[in-house]
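Asks: Take this structure first; my questions come after.
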Protein chains: 2
Amino acid sequence: MAGPYRVKFLPSDRVFLAEEGESLLELAMKSGIHVNASCGGNGACGKCRIKVLEGTVRSAPHPKIPQWEYEGGTRLACMTSALEDLVIEIPFESQVDRAALKRKREASHVLSATDLDQLVEGWEVDPAVFKKYVELEPPSAEDNINDLGRLVRELRKKHEIDDVSVDFRVLTKLARVLREADWKVTLTLVATRRGLKLINVEPGNAEDKNYSIVIDIGTTTVCGQLLDLANCNVYRRIEDSNSGAQVCTLGEASDYNAQISYGEDVITRILYAQKPGGLKRIQEVVISTINGLIKELLDMSGVSVDHVSHLVFAGNTTMTHLVLGLEPRYIMLSPYTPTANFIPPVRAINLGLNLRDHVHIYIFPCVASYVGGDIVAGVLGSGVFQRSDITLFMDIGTNGELVVGNKDWLTCASCSAGPAFEGGGIKFGMRAGRGAIEQVRINPTTFEPMILTIGRAKPAGICGSGLIDIVAELLEAGLIGQNGKFNRELPTKRVREGESGFEYVLAYAADTQIGRDIVLTEVDLDNLIRAKAAIYAGCKVLLDSVGLSFADVNTIMIAGGFGHYIEVEKAQMIGLLPDGPSEKFIFVGNGSLLGARLLSFSQELLRETERIARTMTNIELSNSARFMDEFIAAMFLPHTDQKAFPAVIDQLLRAGKEIVADA
Amino acid sequence: MAGPYRVKFLPSDRVFLAEEGESLLELAMKSGIHVNASCGGNGACGKCRIKVLEGTVRSAPHPKIPQWEYEGGTRLACMTSALEDLVIEIPFESQVDRAALKRKREASHVLSATDLDQLVEGWEVDPAVFKKYVELEPPSAEDNINDLGRLVRELRKKHEIDDVSVDFRVLTKLARVLREADWKVTLTLVATRRGLKLINVEPGNAEDKNYSIVIDIGTTTVCGQLLDLANCNVYRRIEDSNSGAQVCTLGEASDYNAQISYGEDVITRILYAQKPGGLKRIQEVVISTINGLIKELLDMSGVSVDHVSHLVFAGNTTMTHLVLGLEPRYIMLSPYTPTANFIPPVRAINLGLNLRDHVHIYIFPCVASYVGGDIVAGVLGSGVFQRSDITLFMDIGTNGELVVGNKDWLTCASCSAGPAFEGGGIKFGMRAGRGAIEQVRINPTTFEPMILTIGRAKPAGICGSGLIDIVAELLEAGLIGQNGKFNRELPTKRVREGESGFEYVLAYAADTQIGRDIVLTEVDLDNLIRAKAAIYAGCKVLLDSVGLSFADVNTIMIAGGFGHYIEVEKAQMIGLLPDGPSEKFIFVGNGSLLGARLLSFSQELLRETERIARTMTNIELSNSARFMDEFIAAMFLPHTDQKAFPAVIDQLLRAGKEIVADA
């Protein structure tokens, strides 16, 4: 049989399940078993030695393991996976069983793709852009009504569609298509706020070829999905609910936003757009990124571009302005006014997109300069707008966008966290790409790290989730104090004085891609603390503004690509996320894309989207004294108000740490 | 004092009023005094000699008048105008006083420009495209709503405009214009069937700079007017009602439709459009004609193109298809189906028009392949749609478009008259341009003609109205019989056998621009009879179809540039127009342009336009046996059914003609 297999780790004598192909290092990491590992899981450092006592593994001889040791069962955990139930021994220099120190926790709610689709309830598949097949009587001397009149009459008589306006472009081909198709044609109709509009006519019955492409335009990454609108109904959705993939999704693709060359954050891009020709240029490059994704999605799915009927964009307010070529300047300047929150549908070809000329783009409405369509989409996709209990929605990135509310009301705010969570301002920070250190454990006795990288490549740097892990682990291991400064008196060479103050060595040069030691510095720590403090303070002030505290919040939904990987416990440890049981936290991944999907499937949810954007109240934090106070108070690990983090304090005490009294 | 002056003609001893500058030949023509004249009124033939017995004239010596005669008071009537009251003697060889033979008639109703504007009653100046000046509060930290939201909020609060959609292009400049104009801007709004739409924003208060251009796209001629929408209200209209010019019209211009190079009639143009690239080409050329008119209108009025907010097109169904680039082929092929009768508004720049990008074109809806938007516009502009009594509306050209009805119902038909009325198929036929013979009288004793040309230039050919005059005069003078054949036994050299049968010489070569005798042949007569028979038969069958006869019709409205010049009496003489007193006939000139004007001024009339087009029932004559019967019956002068034209028969009898018994 295939996995999962039972793997018993000795000496702790605890058993975990290993998936088919999962490396034993990965299993150890997720199970809280410490195994030293510096190279991110690719066999380079040779540190993650284990001994297979029972069972068969898939593994290969490795130069760092002498033949006699190999024959005795020694392997590198990162290069070994189970082929049956195993018993594994962790060598003494590596082992530490964190499970003993841990509070008993459930895994936090990282939802499966299909579970994500179920966050919003009670809607039907009823896309705003849909197709209708019609068969017309050919004209005769007795009935020579004009072609369009004939169509409209048929829609009224047979399809109970009473009032339809017409895109002029339909008329330029109508006569030809009707006759070539022997008066049997498929109409593409779009339900607009002001009634139905006919946007395309194509020969024959093409009712089942109706696709949309939804795009989340992130400042860093642009993600797209190709959706099958025609063959997706509620029954289908339910049947497919165990398939793992998001239903009715024929493809998913993502790419860096090519605007990155013009600046990493929205402000530098807005500044670039102020240059002569800058706005046009920066618009063109993101359009080229989107065109690339469209091509990729069509290629992978075999769908013809002729059958793509709809495009949905969700992005933050700046991205929305830039992709549309709208002046972004006043987003950046006080008092921070976007040109528009609600954007009328835009014809895709007018932006230079490689789609047919009838395709229009629905653009998610924004709420304010720093609460954009991506957040509205997130609130839609996560179902916050229909929940009875109080939910806090957090999108954590360079900007922390925060929404609190329920089905009756929604209030939002945003705060600038700085680029730390996206690898910016961190000496060895990088975006969450191949080779980024994404998970770290530190042995509290030896202070040696266990590292996993994205793609299990040699480490190249540290991404946001890795950063949170490292800081939490440094704190828990006593390597840093609650003020974010290194404890310089511990018996480890990994803490040392570097060129910019004290630092912790995560990986030595030889084990890295970059040929330099990868370290975390006190400056990095300071930046991270500022970032997490801003987010936490933002949440606090937002909740305050509606008379609530964290305790009143039933659910915390965390969005952002980032949100896929961070661990609640670690994020609480550093005071990024508030205290609370892990069941309270739901990671929704790319909430923006999730909302864009739903909108594409459902007119009702499209209307909900507009209601969400219209009713959401924005609290401006940028000049708030209250926010500054909270920010200062949060510049501590986890927080100066220790009572706010009882579980973290408890854990630090269990780990034998001395706790600083409330600041 | 300036004119008019009293002019007494001897020997008939009748007095008429001469306008300042009017030639005595023109006065004689309109007064029914015959004076021989072959050259169209430019002094070339020297035949229109008169003698001034009393009073002072403006005239010059002329080589054809010897000094001694000049001194005795002899002048050329065409070169002479009154400077005070006159007594004039007509020489014997010239004179005939037709007034004695005439039934007593009122002048038929050729309306003044302002009277034309009053044909439609009870409407207000309330253009569909209008401007609103708004002053916004600048954004502040307390009120940093997005720019568009600020605008919309102001419209709601101060201007009671609740729901407005937005043209995306407004957004691309909104932020800049608002700030540059210190938040004081003028909005251009358009009332669409589905609510208000914001299409432009401009700095400062430009409420009073709101212009539209209306274009009548004729197969031969394209006419345009530039209208002042902002400074035109009902009070202004009434005050201006004696000014002579159409009120609120800043300019009028016309030009040949450049499509003429691709064929004179709609069928040849449709055929041209079938060639590769033909449709695009033929669209481009009419667009270039319209661009020329737009430039001319703006130049003559000093209006900036920035302030043109609206464009209105009215044309026949083929012209409508061609200017929009719609496939015209099926208009021509049985069962004659246009692509669409109702066309959504089209952005002007998308057709290549040199206007600002916010300007949309309202296109008059068509009714059928041969009853187009020009006719709908005519029905609107002439007020037929709101009259209680039964009105017959005729647009006479290559196609006769006919509408009968009142405020409650409208039925229409069209019939192909052939090009005779526009000078086609007539040996010396020409369009109504300079040198075209437009008015003719023939002396029933000497059979000599009196001719006036357009522009009083030497004759170059015969236009439609001249043709009607000639045939009526030939008939009344007994030069032709009721069958349209020449009486070959009369003592005149002007009837002679030419290369294509018998003919009447209107002007000898020496008196013409073309150096050839200008004649009317029996073939020409046949073509004219076919043309007038088609129109008459069309009216008859149309009336029949709704159970009416000509006697039931209270008013006959005649449209078409053509309609300005023809005389009711002459048209009745040949059986083109039905019998009836001249008060029954109203000439509305370019009815299409008239309707386009009104639509531009009034939303209510825009809605009426759609109602007209929607309710008008089209009767197809092309395959009607009934129509063929009536057509054959009308192939006689005035008609085989003499009882239908009692006044004409009476006049012919008075002129001593032998009347053929009913065929």
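Numbering starts fresh at 1 for the residues of each chain in the structure tokens, the chains themselves are lettered A, B, ... in the order given, and ligands are numbered from 1 as they appear.
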Taking only C-alpha atoms into account, what are the residues of chain B at most 6 Å from chain A, put as a count of residues only?

Replies: 16

Asks: Would you mind listing what lies within 8 Å of range 76-93 of chain A as a PyMOL selection string, with only C-alpha atoms counted and same-chain residues fewer than 4 positions away left out?

Replies: chain A and resi 2-3+5-11+18+20-26+35+41-43+46-60+446

Asks: Find the spatial neighbours of Leu593 in chain A, counting only C-alpha atoms, within a cut-off of 9 Å - ignore same-chain residues fewer than 2 positions away - and output them as a PyMOL selection string.

Replies: chain A and resi 214-216+223-225+313-314+374+377-378+381+589-591+595-598

Asks: Output the selection as a compact mmCIF listing (two decimals), in the first residue's frame - N, CA and C atoms for each residue.

Replies:
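Once written, again-v4.txt looks like this:
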# COMPACT_ATOMS: atom_id res chain seq x y z
N VAL A 214 -10.00 35.19 -13.93
CA VAL A 214 -9.96 36.10 -12.79
C VAL A 214 -8.51 36.34 -12.42
N ILE A 215 -8.20 37.59 -12.14
CA ILE A 215 -6.81 37.96 -11.91
C ILE A 215 -6.71 38.74 -10.61
N ASP A 216 -5.84 38.29 -9.76
CA ASP A 216 -5.49 39.06 -8.56
C ASP A 216 -4.19 39.80 -8.88
N CYS A 223 -1.74 36.71 -9.92
CA CYS A 223 -2.22 35.34 -10.00
C CYS A 223 -3.50 35.31 -10.82
N GLY A 224 -3.65 34.27 -11.58
CA GLY A 224 -4.86 34.15 -12.38
C GLY A 224 -5.43 32.76 -12.34
N GLN A 225 -6.73 32.67 -12.57
CA GLN A 225 -7.39 31.37 -12.72
C GLN A 225 -8.30 31.44 -13.92
N PHE A 313 -10.82 41.60 -12.33
CA PHE A 313 -9.57 42.07 -11.71
C PHE A 313 -9.84 42.40 -10.25
N ALA A 314 -8.93 41.98 -9.40
CA ALA A 314 -8.96 42.48 -8.03
C ALA A 314 -7.54 42.90 -7.68
N ASP A 374 -8.76 44.21 -3.69
CA ASP A 374 -8.31 42.90 -3.23
C ASP A 374 -8.90 42.57 -1.86
N ALA A 377 -12.54 41.84 -2.28
CA ALA A 377 -12.62 40.47 -2.80
C ALA A 377 -12.36 39.47 -1.68
N GLY A 378 -11.41 39.78 -0.82
CA GLY A 378 -11.10 38.89 0.30
C GLY A 378 -12.28 38.76 1.25
N GLY A 381 -14.75 36.61 -0.62
CA GLY A 381 -14.33 35.22 -0.77
C GLY A 381 -14.25 34.46 0.54
N GLY A 589 -5.58 31.93 2.40
CA GLY A 589 -4.69 32.01 1.24
C GLY A 589 -4.93 33.30 0.49
N ASN A 590 -4.99 33.20 -0.82
CA ASN A 590 -5.22 34.37 -1.66
C ASN A 590 -6.70 34.71 -1.65
N GLY A 591 -7.12 35.49 -0.67
CA GLY A 591 -8.53 35.82 -0.50
C GLY A 591 -9.07 36.61 -1.67
N GLY A 595 -12.30 35.64 -3.88
CA GLY A 595 -13.47 36.49 -4.11
C GLY A 595 -13.73 36.70 -5.59
N ALA A 596 -12.65 36.88 -6.33
CA ALA A 596 -12.80 37.10 -7.77
C ALA A 596 -13.47 35.89 -8.43
N ARG A 597 -13.11 34.69 -7.98
CA ARG A 597 -13.75 33.47 -8.45
C ARG A 597 -15.25 33.51 -8.23
N LEU A 598 -15.60 33.81 -7.00
CA LEU A 598 -17.02 33.75 -6.63
C LEU A 598 -17.83 34.77 -7.42

Asks: Grab the CA of His34 in chain B to CA of Pro444 in chain B distance for me, in Å with one decimal place.

Replies: 9.7 Å

Asks: As a ChimeraX atom specification, please: every residue in range 318-468 of chain B that a backbone DSSP assignment puts in strand (DSSP E).

Replies: /B:346-347,360-363,391-396,399-405,410-416,436-442,449-453,461-462

Asks: Give me the residues within 12 Å of Asp517 in chain B as a ChimeraX atom specification, counting only C-alpha atoms and dropping any in the same chain fewer than 5 places off.

Replies: /B:38-39,427-428,459-461,494,496,498,503-512

Asks: Please write the residues from the selection above to a file, keeping C-alpha atoms, as an mmCIF file, in the first residue's frame.

Replies:
data_model
loop_
_atom_site.group_PDB
_atom_site.id
_atom_site.type_symbol
_atom_site.label_atom_id
_atom_site.label_comp_id
_atom_site.auth_asym_id
_atom_site.auth_seq_id
_atom_site.Cartn_x
_atom_site.Cartn_y
_atom_site.Cartn_z
ATOM 1 C CA SER B 38 -33.981 80.668 -72.967
ATOM 2 C CA CYS B 39 -30.789 81.182 -71.086
ATOM 3 C CA LYS B 427 -30.833 63.040 -71.324
ATOM 4 C CA PHE B 428 -29.922 66.467 -69.969
ATOM 5 C CA PRO B 459 -28.320 76.412 -68.510
ATOM 6 C CA ALA B 460 -26.334 73.232 -68.113
ATOM 7 C CA GLY B 461 -29.182 70.758 -67.738
ATOM 8 C CA ARG B 494 -38.664 73.617 -80.951
ATOM 9 C CA ARG B 496 -38.166 68.220 -83.707
ATOM 10 C CA GLY B 498 -33.676 64.107 -82.636
ATOM 11 C CA GLU B 503 -37.805 66.200 -78.494
ATOM 12 C CA TYR B 504 -38.437 69.780 -77.368
ATOM 13 C CA VAL B 505 -35.581 72.263 -77.430
ATOM 14 C CA LEU B 506 -35.425 74.199 -74.192
ATOM 15 C CA ALA B 507 -32.265 76.097 -74.974
ATOM 16 C CA TYR B 508 -30.173 76.309 -78.068
ATOM 17 C CA ALA B 509 -26.468 75.530 -77.860
ATOM 18 C CA ALA B 510 -25.353 79.147 -77.959
ATOM 19 C CA ASP B 511 -27.357 79.984 -74.859
ATOM 20 C CA THR B 512 -26.030 77.067 -72.807
#

Asks: Please compute the CA of Ala613 in chain A-CA of Glu154 in chain B distance, one decimal, in Å.

Replies: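 Result for CA of Ala613 in chain A versus CA of Glu154 in chain B: 19.4 Å, one decimal.
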
Asks: Nearest residue to Val403 in chain B out of B:Gly429, B:Gly580, B:Gly277, B:Gly538, using only C-alpha atoms?

Replies: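 Using only C-alpha atoms, the shortest distance to Val403 in chain B belongs to B:Gly538.
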
Asks: Which residue is closest to Val286 in chain B? Choose from B:Ser309, B:Thr221, B:Gly547, B:Leu226 and count only C-alpha atoms.

Replies: B:Thr221

Asks: Can you pull out every residue within 8 Å of Leu576 in chain A, counting only C-alpha atoms, but drop anything in the same chain fewer than 2 positions away, and send it as a ChimeraX atom specification?

Replies: /A:532-533,535-536,571-574,578,638

Asks: Find the residue from B:Ala537, B:Gly251, B:Ala258, B:Arg14 that sits nearest to Met628 in chain B; use only C-alpha atoms when measuring.

Replies: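 That would be B:Ala537, the residue with the smallest distance to Met628 in chain B.
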
Asks: Grab the CA of Met300 in chain B to CA of Val359 in chain B distance for me, in Å with one decimal place.

Replies: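 Separation between CA of Met300 in chain B and CA of Val359 in chain B: 20.5 Å.
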
Asks: List every residue of range 279-323 of chain A that DSSP, applied to the backbone of this structure, places in alpha helix (DSSP H), and write the result as a PyMOL selection string.

Replies: chain A and resi 279-301+317-323

Asks: For Asp208 in chain A, find every residue with an atom within 10 Å (counting only C-alpha atoms), except residues of its own chain fewer than 3 positions away, and show them as a PyMOL selection string.

Replies: chain A and resi 130-133+186+205+211+228-232+307

Asks: Can you work out which one of B:Glu284, B:Val440, B:Ile619, B:Gln482 has the shortest atom-to-atom distance to Gln642 in chain B, counting only C-alpha atoms?

Replies: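 Going through B:Glu284, B:Val440, B:Ile619, B:Gln482 one by one, the smallest distance to Gln642 in chain B is for B:Gln482.
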